[in-house]
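Structure below is input-v8.txt: compact mmCIF, C-alpha atoms.
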```
# COMPACT_ATOMS: atom_id res chain seq x y z
CA MET U 64 -10.04 0.44 44.09
CA LYS U 65 -12.70 1.31 46.68
CA TYR U 66 -16.07 1.33 44.93
CA CYS U 67 -17.81 -0.98 42.44
CA SER U 68 -17.80 0.67 39.01
CA GLN U 69 -21.07 -1.10 38.18
CA CYS U 70 -23.23 -0.38 41.25
CA GLY U 71 -21.25 2.09 43.40
CA HIS U 72 -21.13 -0.11 46.53
CA THR U 73 -17.87 -0.68 48.43
CA VAL U 74 -15.70 -3.44 46.95
CA THR U 75 -14.03 -6.25 48.86
CA TRP U 76 -10.54 -7.73 48.42
CA SER U 77 -11.04 -11.45 49.00
CA GLN U 78 -11.52 -14.70 47.12
CA PRO U 79 -14.92 -14.59 45.39
CA PRO U 80 -17.01 -17.76 45.03
CA GLU U 81 -15.79 -19.88 42.11
CA GLU U 82 -12.55 -17.91 41.73
CA ASP U 83 -9.13 -19.39 42.52
CA ARG U 84 -7.51 -16.26 44.00
CA GLU U 85 -8.22 -12.98 45.76
CA ARG U 86 -9.68 -10.22 43.61
CA TYR U 87 -11.51 -6.94 43.97
CA TRP U 88 -15.20 -7.79 43.78
CA CYS U 89 -18.61 -6.52 44.83
CA SER U 90 -20.64 -8.70 47.13
CA HIS U 91 -23.68 -6.47 46.45
CA CYS U 92 -24.00 -6.95 42.67
CA GLY U 93 -21.50 -9.81 42.28
CA THR U 94 -19.23 -8.07 39.75
CA ILE U 95 -15.62 -9.27 39.82
CA HIS U 96 -13.16 -6.52 38.92
CA TYR U 97 -10.40 -8.41 37.16
CA GLN U 98 -7.02 -6.72 36.98
CA ASN U 99 -4.55 -7.79 34.32
CA PRO U 100 -1.11 -6.72 33.11
CA ARG U 101 -0.88 -3.87 30.66
CA ILE U 102 1.21 -3.70 27.51
CA ILE U 103 3.81 -0.98 26.92
CA THR U 104 4.64 -0.87 23.23
CA GLY U 105 7.46 1.03 21.54
CA THR U 106 10.16 1.03 18.92
CA LEU U 107 13.92 0.84 18.53
CA PRO U 108 14.22 3.39 15.68
CA VAL U 109 17.33 2.84 13.57
CA TYR U 110 18.68 5.46 11.15
CA LYS U 111 21.78 4.14 9.34
CA ASP U 112 24.20 3.29 12.19
CA ARG U 113 22.34 5.35 14.80
CA ILE U 114 19.52 4.87 17.30
CA LEU U 115 16.87 7.48 18.11
CA LEU U 116 16.44 8.21 21.83
CA CYS U 117 14.17 10.62 23.69
CA ARG U 118 15.01 12.48 26.89
CA ARG U 119 11.98 12.30 29.15
CA ALA U 120 10.04 15.45 30.04
CA ILE U 121 7.76 13.58 32.47
CA GLU U 122 7.99 11.38 35.51
CA PRO U 123 9.06 8.72 36.16
CA ARG U 124 12.72 9.25 35.26
CA ILE U 125 12.39 12.81 34.01
CA GLY U 126 15.60 13.91 32.29
CA TYR U 127 16.73 10.36 31.45
CA TRP U 128 16.92 8.84 27.97
CA THR U 129 14.47 6.26 26.67
CA LEU U 130 13.24 4.57 23.54
CA PRO U 131 9.80 5.87 22.48
CA ALA U 132 7.10 3.70 24.12
CA GLY U 133 3.81 3.92 25.97
CA PHE U 134 0.62 2.13 26.95
CA MET U 135 -1.13 0.22 24.16
CA GLU U 136 -4.62 1.65 23.66
CA ASN U 137 -7.89 -0.17 23.04
CA GLY U 138 -8.67 -0.52 19.35
CA GLU U 139 -5.07 -0.69 18.12
CA THR U 140 -2.44 -3.36 17.48
CA THR U 141 0.91 -3.48 19.28
CA ASP U 142 2.74 -2.35 16.12
CA ALA U 143 0.27 0.49 15.48
CA GLY U 144 0.68 1.57 19.10
CA ALA U 145 4.45 1.50 18.75
CA ILE U 146 4.26 3.70 15.63
CA ARG U 147 1.86 6.09 17.39
CA GLU U 148 4.09 6.45 20.45
CA THR U 149 7.13 7.05 18.26
CA TRP U 150 5.28 9.83 16.51
CA GLU U 151 3.97 11.37 19.75
CA GLU U 152 7.26 11.30 21.65
CA ALA U 153 9.84 11.70 18.88
CA MET U 154 7.86 13.18 15.96
CA ALA U 155 9.40 10.45 13.83
CA GLN U 156 7.65 8.30 11.22
CA VAL U 157 9.09 4.81 11.42
CA GLU U 158 8.49 1.59 9.50
CA VAL U 159 8.24 -1.25 12.00
CA GLN U 160 10.16 -4.44 11.33
CA ASN U 161 10.03 -7.43 13.67
CA LEU U 162 8.93 -7.66 17.29
CA TYR U 163 12.34 -7.61 18.92
CA THR U 164 12.08 -7.69 22.73
CA LEU U 165 9.26 -8.81 25.00
CA ILE U 166 10.08 -8.13 28.64
CA HIS U 167 7.84 -9.03 31.60
CA LEU U 168 7.89 -6.61 34.51
CA THR U 169 6.02 -8.74 36.99
CA PRO U 170 6.62 -6.35 39.95
CA ILE U 171 4.49 -3.70 38.25
CA ASN U 172 2.32 -5.90 36.01
CA GLN U 173 3.58 -4.58 32.70
CA VAL U 174 4.63 -6.35 29.51
CA TYR U 175 7.06 -4.33 27.38
CA MET U 176 7.23 -4.93 23.64
CA PHE U 177 9.78 -3.18 21.46
CA TYR U 178 9.65 -3.41 17.68
CA ARG U 179 12.80 -2.92 15.66
CA ALA U 180 12.00 -0.05 13.29
CA HIS U 181 13.50 1.62 10.26
CA LEU U 182 13.75 5.41 10.34
CA PRO U 183 14.02 6.33 6.65
CA GLU U 184 14.97 9.98 7.20
CA ALA U 185 16.71 11.87 10.00
CA SER U 186 13.50 13.75 10.66
CA PHE U 187 12.39 13.98 14.28
CA GLY U 188 11.65 16.38 17.14
CA ALA U 189 10.63 16.58 20.77
CA GLY U 190 6.97 15.77 21.37
CA PRO U 191 5.21 17.05 24.52
CA GLU U 192 6.59 14.20 26.66
CA SER U 193 10.21 14.71 25.54
CA LEU U 194 12.80 17.36 26.41
CA GLU U 195 14.92 16.51 23.39
CA VAL U 196 15.33 13.75 20.82
CA ALA U 197 18.62 12.73 19.22
CA LEU U 198 20.45 10.05 17.22
CA PHE U 199 23.25 8.09 18.88
CA LYS U 200 25.96 5.81 17.54
CA GLU U 201 26.80 2.78 19.67
CA ASP U 202 29.75 4.51 21.37
CA GLU U 203 27.62 7.59 22.05
CA ILE U 204 24.76 5.87 23.92
CA PRO U 205 24.33 7.55 27.34
CA TRP U 206 24.38 4.23 29.23
CA ASP U 207 24.52 5.97 32.62
CA GLU U 208 21.52 8.13 31.81
CA LEU U 209 19.04 5.57 30.49
CA ALA U 210 15.57 5.71 32.02
CA PHE U 211 14.67 2.02 32.23
CA LEU U 212 16.24 -1.41 32.37
CA THR U 213 13.95 -2.49 29.50
CA VAL U 214 15.59 0.14 27.30
CA ARG U 215 19.09 -0.89 28.36
CA ARG U 216 18.38 -4.55 27.60
CA THR U 217 16.86 -3.79 24.22
CA LEU U 218 19.86 -1.69 23.19
CA GLN U 219 22.28 -4.35 24.43
CA HIS U 220 20.52 -7.04 22.38
CA PHE U 221 20.56 -4.82 19.32
CA PHE U 222 24.27 -3.99 19.36
CA HIS U 223 25.09 -7.64 19.98
CA ASP U 224 22.79 -8.90 17.22
CA ARG U 225 23.88 -6.27 14.73
CA LYS U 226 27.27 -7.96 14.49
CA ASN U 227 25.56 -11.08 13.11
CA GLY U 228 22.82 -9.35 11.13
CA GLN U 229 20.17 -11.53 12.81
CA PHE U 230 17.52 -9.98 15.04
CA PRO U 231 15.40 -12.72 16.62
CA LEU U 232 12.79 -12.01 19.29
CA HIS U 233 14.25 -11.93 22.81
CA VAL U 234 11.84 -12.77 25.64
CA SER U 235 13.00 -12.05 29.19
CA ASP U 236 11.81 -11.11 32.67
CA ILE U 237 12.50 -8.38 35.18
CA THR U 238 11.78 -9.99 38.52
CA PRO U 239 11.33 -8.57 42.01
CA GLU U 240 15.07 -9.14 42.53
CA ASP U 241 15.76 -6.83 39.57
CA ARG U 242 13.40 -4.21 40.89
CA ASP U 243 16.13 -2.14 42.52
CA HIS U 244 17.76 -1.94 39.12
CA PHE U 245 14.65 -1.06 37.17
CA PHE U 246 15.25 2.66 37.45
CA THR U 247 18.99 2.58 38.00
CA HIS U 248 21.85 2.94 35.60
CA ALA U 249 23.72 -0.07 36.96
CA PRO U 250 24.95 -2.32 34.16
CA MET O 228 -18.50 1.49 33.84
CA LYS O 229 -20.92 3.72 35.75
CA TYR O 230 -19.22 4.75 39.00
CA CYS O 231 -15.75 5.97 39.93
CA SER O 232 -13.85 3.17 41.68
CA GLN O 233 -11.92 5.77 43.70
CA CYS O 234 -14.68 8.06 45.01
CA GLY O 235 -17.99 6.44 44.06
CA HIS O 236 -19.33 9.35 41.99
CA THR O 237 -20.80 8.85 38.52
CA VAL O 238 -18.20 8.66 35.76
CA THR O 239 -18.31 10.51 32.45
CA TRP O 240 -17.37 9.27 28.96
CA SER O 241 -15.70 12.24 27.33
CA GLN O 242 -12.28 13.70 26.60
CA PRO O 243 -10.65 14.68 29.90
CA PRO O 244 -8.38 17.74 30.11
CA GLU O 245 -4.88 16.96 28.80
CA GLU O 246 -5.96 13.64 27.26
CA ASP O 247 -6.04 13.04 23.51
CA ARG O 248 -9.15 10.85 23.37
CA GLU O 249 -12.40 10.01 25.13
CA ARG O 250 -12.09 7.97 28.29
CA TYR O 251 -14.10 7.07 31.36
CA TRP O 252 -13.18 9.62 34.01
CA CYS O 253 -14.48 11.24 37.17
CA SER O 254 -14.98 15.00 37.11
CA HIS O 255 -15.44 14.90 40.89
CA CYS O 256 -12.05 13.49 41.94
CA GLY O 257 -10.29 13.73 38.56
CA THR O 258 -9.39 10.03 38.27
CA ILE O 259 -9.05 8.81 34.69
CA HIS O 260 -10.08 5.16 34.30
CA TYR O 261 -7.77 3.95 31.55
CA GLN O 262 -8.85 0.85 29.67
CA ASN O 263 -6.27 -1.19 27.83
CA PRO O 264 -6.16 -4.45 25.88
CA ARG O 265 -5.79 -7.67 27.79
CA ILE O 266 -3.47 -10.57 27.02
CA ILE O 267 -4.74 -14.11 26.43
CA THR O 268 -1.87 -16.54 26.79
CA GLY O 269 -1.80 -20.21 25.90
CA THR O 270 0.12 -23.10 24.38
CA LEU O 271 0.23 -25.31 21.32
CA PRO O 272 1.08 -28.56 23.12
CA VAL O 273 2.88 -31.03 20.85
CA TYR O 274 3.26 -34.72 21.73
CA LYS O 275 5.20 -36.56 19.01
CA ASP O 276 3.17 -35.92 15.82
CA ARG O 277 0.03 -34.89 17.70
CA ILE O 278 -1.53 -31.71 19.11
CA LEU O 279 -3.45 -31.47 22.37
CA LEU O 280 -6.86 -29.83 22.10
CA CYS O 281 -9.58 -29.15 24.69
CA ARG O 282 -13.34 -29.22 24.09
CA ARG O 283 -14.82 -26.21 25.88
CA ALA O 284 -17.18 -26.73 28.81
CA ILE O 285 -17.91 -22.98 29.09
CA GLU O 286 -19.16 -20.13 26.95
CA PRO O 287 -18.26 -18.70 24.56
CA ARG O 288 -18.16 -21.57 22.07
CA ILE O 289 -19.13 -24.31 24.47
CA GLY O 290 -18.61 -27.72 22.86
CA TYR O 291 -15.99 -26.50 20.38
CA TRP O 292 -12.30 -27.38 20.37
CA THR O 293 -9.56 -24.98 21.43
CA LEU O 294 -5.94 -24.78 22.43
CA PRO O 295 -5.51 -24.22 26.18
CA ALA O 296 -5.40 -20.45 26.85
CA GLY O 297 -6.76 -17.78 29.15
CA PHE O 298 -6.27 -14.32 30.60
CA MET O 299 -2.77 -13.49 31.82
CA GLU O 300 -2.87 -12.68 35.54
CA ASN O 301 -1.08 -9.97 37.46
CA GLY O 302 2.22 -11.17 38.90
CA GLU O 303 3.01 -13.73 36.21
CA THR O 304 4.84 -13.81 32.87
CA THR O 305 3.17 -14.74 29.58
CA ASP O 306 4.95 -18.10 29.51
CA ALA O 307 4.08 -18.86 33.14
CA GLY O 308 0.45 -17.96 32.37
CA ALA O 309 0.47 -20.25 29.34
CA ILE O 310 1.79 -23.14 31.44
CA ARG O 311 -0.80 -22.43 34.15
CA GLU O 312 -3.70 -22.37 31.69
CA THR O 313 -2.50 -25.60 30.09
CA TRP O 314 -2.51 -27.25 33.48
CA GLU O 315 -5.92 -25.85 34.46
CA GLU O 316 -7.71 -26.71 31.22
CA ALA O 317 -5.88 -29.84 30.08
CA MET O 318 -4.18 -31.14 33.23
CA ALA O 319 -1.01 -31.34 31.15
CA GLN O 320 2.50 -30.30 32.19
CA VAL O 321 4.20 -28.75 29.19
CA GLU O 322 7.64 -27.29 28.56
CA VAL O 323 7.24 -24.05 26.67
CA GLN O 324 9.43 -23.41 23.65
CA ASN O 325 9.23 -20.20 21.62
CA LEU O 326 6.49 -17.58 21.43
CA TYR O 327 4.84 -18.72 18.23
CA THR O 328 1.80 -16.58 17.37
CA LEU O 329 0.80 -13.11 18.52
CA ILE O 330 -2.63 -12.16 17.21
CA HIS O 331 -4.35 -8.81 17.78
CA LEU O 332 -8.12 -8.93 18.20
CA THR O 333 -8.79 -5.23 17.97
CA PRO O 334 -12.61 -5.62 17.91
CA ILE O 335 -12.55 -7.00 21.46
CA ASN O 336 -9.28 -5.47 22.72
CA GLN O 337 -7.44 -8.71 23.23
CA VAL O 338 -3.90 -9.79 22.34
CA TYR O 339 -3.50 -13.55 21.95
CA MET O 340 -0.12 -15.16 22.51
CA PHE O 341 0.47 -18.85 21.89
CA TYR O 342 3.69 -20.55 22.88
CA ARG O 343 4.82 -23.69 21.10
CA ALA O 344 5.18 -26.30 23.83
CA HIS O 345 6.58 -29.77 24.26
CA LEU O 346 4.35 -32.32 25.96
CA PRO O 347 6.83 -34.95 27.19
CA GLU O 348 4.22 -37.57 28.12
CA ALA O 349 0.72 -38.38 26.91
CA SER O 350 -0.63 -37.44 30.31
CA PHE O 351 -3.63 -35.11 30.39
CA GLY O 352 -7.27 -34.78 31.44
CA ALA O 353 -10.28 -32.49 31.38
CA GLY O 354 -10.00 -29.59 33.82
CA PRO O 355 -13.15 -27.82 35.06
CA GLU O 356 -13.41 -25.67 31.91
CA SER O 357 -13.09 -28.62 29.51
CA LEU O 358 -15.52 -31.38 28.49
CA GLU O 359 -12.74 -33.55 27.12
CA VAL O 360 -9.09 -33.30 26.08
CA ALA O 361 -7.49 -35.31 23.30
CA LEU O 362 -4.48 -35.64 20.98
CA PHE O 363 -4.95 -35.11 17.24
CA LYS O 364 -2.77 -35.86 14.23
CA GLU O 365 -2.87 -33.28 11.44
CA ASP O 366 -5.48 -35.20 9.44
CA GLU O 367 -7.62 -35.67 12.56
CA ILE O 368 -7.94 -31.96 13.54
CA PRO O 369 -11.66 -31.07 13.82
CA TRP O 370 -11.34 -27.97 11.58
CA ASP O 371 -15.11 -27.47 11.45
CA GLU O 372 -15.42 -27.60 15.22
CA LEU O 373 -12.67 -25.18 16.30
CA ALA O 374 -13.71 -22.53 18.81
CA PHE O 375 -11.73 -19.52 17.62
CA LEU O 376 -10.01 -18.13 14.55
CA THR O 377 -6.86 -17.57 16.65
CA VAL O 378 -6.69 -21.33 17.23
CA ARG O 379 -7.25 -22.10 13.55
CA ARG O 380 -4.49 -19.72 12.49
CA THR O 381 -2.03 -21.07 15.04
CA LEU O 382 -2.64 -24.66 13.92
CA GLN O 383 -2.35 -23.69 10.25
CA HIS O 384 1.01 -21.97 10.88
CA PHE O 385 2.26 -25.01 12.79
CA PHE O 386 1.43 -27.62 10.18
CA HIS O 387 2.95 -25.42 7.48
CA ASP O 388 6.12 -24.67 9.46
CA ARG O 389 6.56 -28.28 10.58
CA LYS O 390 7.42 -29.21 6.99
CA ASN O 391 10.48 -26.93 7.19
CA GLY O 392 11.34 -27.50 10.83
CA GLN O 393 11.44 -23.73 11.46
CA PHE O 394 8.95 -22.10 13.83
CA PRO O 395 9.37 -18.31 13.74
CA LEU O 396 7.01 -15.95 15.53
CA HIS O 397 3.95 -15.05 13.44
CA VAL O 398 2.31 -11.68 14.21
CA SER O 399 -1.10 -11.01 12.67
CA ASP O 400 -4.38 -9.17 13.20
CA ILE O 401 -8.05 -10.06 13.35
CA THR O 402 -9.81 -6.92 12.21
CA PRO O 403 -13.46 -5.83 12.39
CA GLU O 404 -13.87 -7.32 8.89
CA ASP O 405 -12.81 -10.71 10.28
CA ARG O 406 -15.17 -10.40 13.19
CA ASP O 407 -17.92 -12.45 11.57
CA HIS O 408 -15.43 -15.25 11.26
CA PHE O 409 -14.06 -15.06 14.75
CA PHE O 410 -16.47 -17.63 16.09
CA THR O 411 -17.22 -19.43 12.85
CA HIS O 412 -15.73 -22.54 11.38
CA ALA O 413 -15.24 -21.00 7.94
CA PRO O 414 -11.80 -21.76 6.51
```
So, in terms of structure tokens, how does the structure I just supplied come out?
Amino acid sequence: MKYCSQCGHTVTWSQPPEEDRERYWCSHCGTIHYQNPRIITGTLPVYKDRILLCRRAIEPRIGYWTLPAGFMENGETTDAGAIRETWEEAMAQVEVQNLYTLIHLTPINQVYMFYRAHLPEASFGAGPESLEVALFKEDEIPWDELAFLTVRRTLQHFFHDRKNGQFPLHVSDITPEDRDHFFTHAP
Amino acid sequence: MKYCSQCGHTVTWSQPPEEDRERYWCSHCGTIHYQNPRIITGTLPVYKDRILLCRRAIEPRIGYWTLPAGFMENGETTDAGAIRETWEEAMAQVEVQNLYTLIHLTPINQVYMFYRAHLPEASFGAGPESLEVALFKEDEIPWDELAFLTVRRTLQHFFHDRKNGQFPLHVSDITPEDRDHFFTHAP
């Protein structure tokens, strides 16, 4: 951020009067440009004993497999956003169930939310951001080719919880120490 | 938003190339200025059979009672933000338990998250954004003087769930139709 979006003057990175931390702000018009984490919302689509995954057609992690997810938009709910992303990336119409994982990525200021979702029919296809979309049984999951640690964790929780038939919300963090693993396929 | 924060030129509100909706963007340098919902994180602090509420010293809803909550900051988790806000507004050190309510306020692009929290000691005070802070039993809650519908809902869920001793996550929406009630004290 270089210029004030309100008045066009150059912004400063420093602690504004009456604020408790450094922020981008404009000493000309006084506007403080708050920056806050963004929500990534998606689904874990389940069809019978299989999970729907998408192989990414875009960076980051092009060619790797992911659960359908993307930035929550203004004017929608997290569950509506999850349904929208699942349609856009996997051309699949899911019925969302419970909020299943909430994962903080503090190094990049993102909050991931995955809803467990029911896929009533094996109807899907590759949207513009996907190279291919496919259903995987537990022993078919391409663990070494997953795009993100958030996806790995969500799948691990699911296969563990499925044995008990209970799917409570799991809240966890990915810290700076995990950052090296964020894009890797290390277990 | 009037000016591009990257190059200082005037921004446009229209559908940029390769985007699926209208956004603020700069036709000079091509930067798209995405706008996404923000997270408000807070706690429901419980001390024995009482709840800690704060009377607001700032707008909106100055003079009305609220649970401690505020905007999640970059670099923190939702639970860390909830603990921070509880300290800032109520000078209380809580131990967070489970994520308890997640409420979408689509009319103003906010996502509220309240954690149920244990207040181990009756130690608290009014931070700079509070006029006073106090503990309330269920029959003492100032229902007609609550600041926000999100607070009302969270308290209602708690007193209902307390009868059963089970406190699952409650996800709900405040829609444009509810907007008139957002600031009101209507039941």
Contacts of Thr169 of chain U at 9 Å (all atoms listed in the file; same-chain gap of 2+ positions) as a list in words: Pro100, His167, Ile171, Asn172, Gln173, Val174, Asp236, Ile237, Thr238 and Pro239 of chain U; Asn301, Gly302, Glu303 and Thr304 of chain O
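Applying the 9 Å criterion to (-14.9, -6.7, 50.5) in file coordinates and using all atoms listed in the file, one obtains the residues U:Thr73, U:Val74, U:Thr75, U:Trp76, U:Ser77, U:Tyr87, U:Trp88, U:Cys89, U:Ser90.
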Write to file, as an mmCIF file, in the frame of the given file, the residues of the selection just made, with C-alpha atoms.
```cif
data_model
loop_
_atom_site.group_PDB
_atom_site.id
_atom_site.type_symbol
_atom_site.label_atom_id
_atom_site.label_comp_id
_atom_site.auth_asym_id
_atom_site.auth_seq_id
_atom_site.Cartn_x
_atom_site.Cartn_y
_atom_site.Cartn_z
ATOM 1 C CA THR U 73 -17.870 -0.680 48.430
ATOM 2 C CA VAL U 74 -15.700 -3.440 46.950
ATOM 3 C CA THR U 75 -14.030 -6.250 48.860
ATOM 4 C CA TRP U 76 -10.540 -7.730 48.420
ATOM 5 C CA SER U 77 -11.040 -11.450 49.000
ATOM 6 C CA TYR U 87 -11.510 -6.940 43.970
ATOM 7 C CA TRP U 88 -15.200 -7.790 43.780
ATOM 8 C CA CYS U 89 -18.610 -6.520 44.830
ATOM 9 C CA SER U 90 -20.640 -8.700 47.130
#
```
Which polymer residues, protein or nucleic acid, are no farther than 12 Å from (15.1, -12.8, 5.7), counting all atoms listed in the file, as a PDB file with C-alpha atoms, in the frame of the given file?
```pdb
ATOM      1  CA  GLN U 160      10.160  -4.440  11.330  1.00  0.00           C
ATOM      2  CA  ASN U 161      10.030  -7.430  13.670  1.00  0.00           C
ATOM      3  CA  GLY U 228      22.820  -9.350  11.130  1.00  0.00           C
ATOM      4  CA  GLN U 229      20.170 -11.530  12.810  1.00  0.00           C
ATOM      5  CA  PHE U 230      17.520  -9.980  15.040  1.00  0.00           C
ATOM      6  CA  PRO U 231      15.400 -12.720  16.620  1.00  0.00           C
TER       7      PRO U 231
ATOM      8  CA  PRO O 395       9.370 -18.310  13.740  1.00  0.00           C
TER       9      PRO O 395
END
```
Interatomic distance, atom CA of Glu184 of chain U to atom CA of Val109 of chain U (Å, one decimal): 9.9 Å
Gap from atom CA of Ala374 of chain O to atom CA of Tyr339 of chain O - Å, one decimal: 14.0 Å
Glu151 of chain U surroundings by all atoms listed in the file, 9 Å radius, close-in-sequence under 6 positions cut, as a VMD selection string: chain U and resid 131 189 to 192
Next, the residues of the selection above should be written as a PDB file, in the frame of the given file with C-alpha atoms.
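This is the output file result-v3.pdb:
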```pdb
ATOM      1  CA  PRO U 131       9.800   5.870  22.480  1.00  0.00           C
ATOM      2  CA  ALA U 189      10.630  16.580  20.770  1.00  0.00           C
ATOM      3  CA  GLY U 190       6.970  15.770  21.370  1.00  0.00           C
ATOM      4  CA  PRO U 191       5.210  17.050  24.520  1.00  0.00           C
ATOM      5  CA  GLU U 192       6.590  14.200  26.660  1.00  0.00           C
TER       6      GLU U 192
END
```
Computed interatomic separation between atom CA of Asp207 of chain U and atom CA of Leu162 of chain U (Å):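 Computed distance, atom CA of Asp207 of chain U to atom CA of Leu162 of chain U, equals 25.8 Å.
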Shell of 12 Å around Gln233 of chain O, all atoms listed in the file, local chain residues under 6 positions omitted, as number ranges by chain: U: 64-68, 71-74; O: 252-260
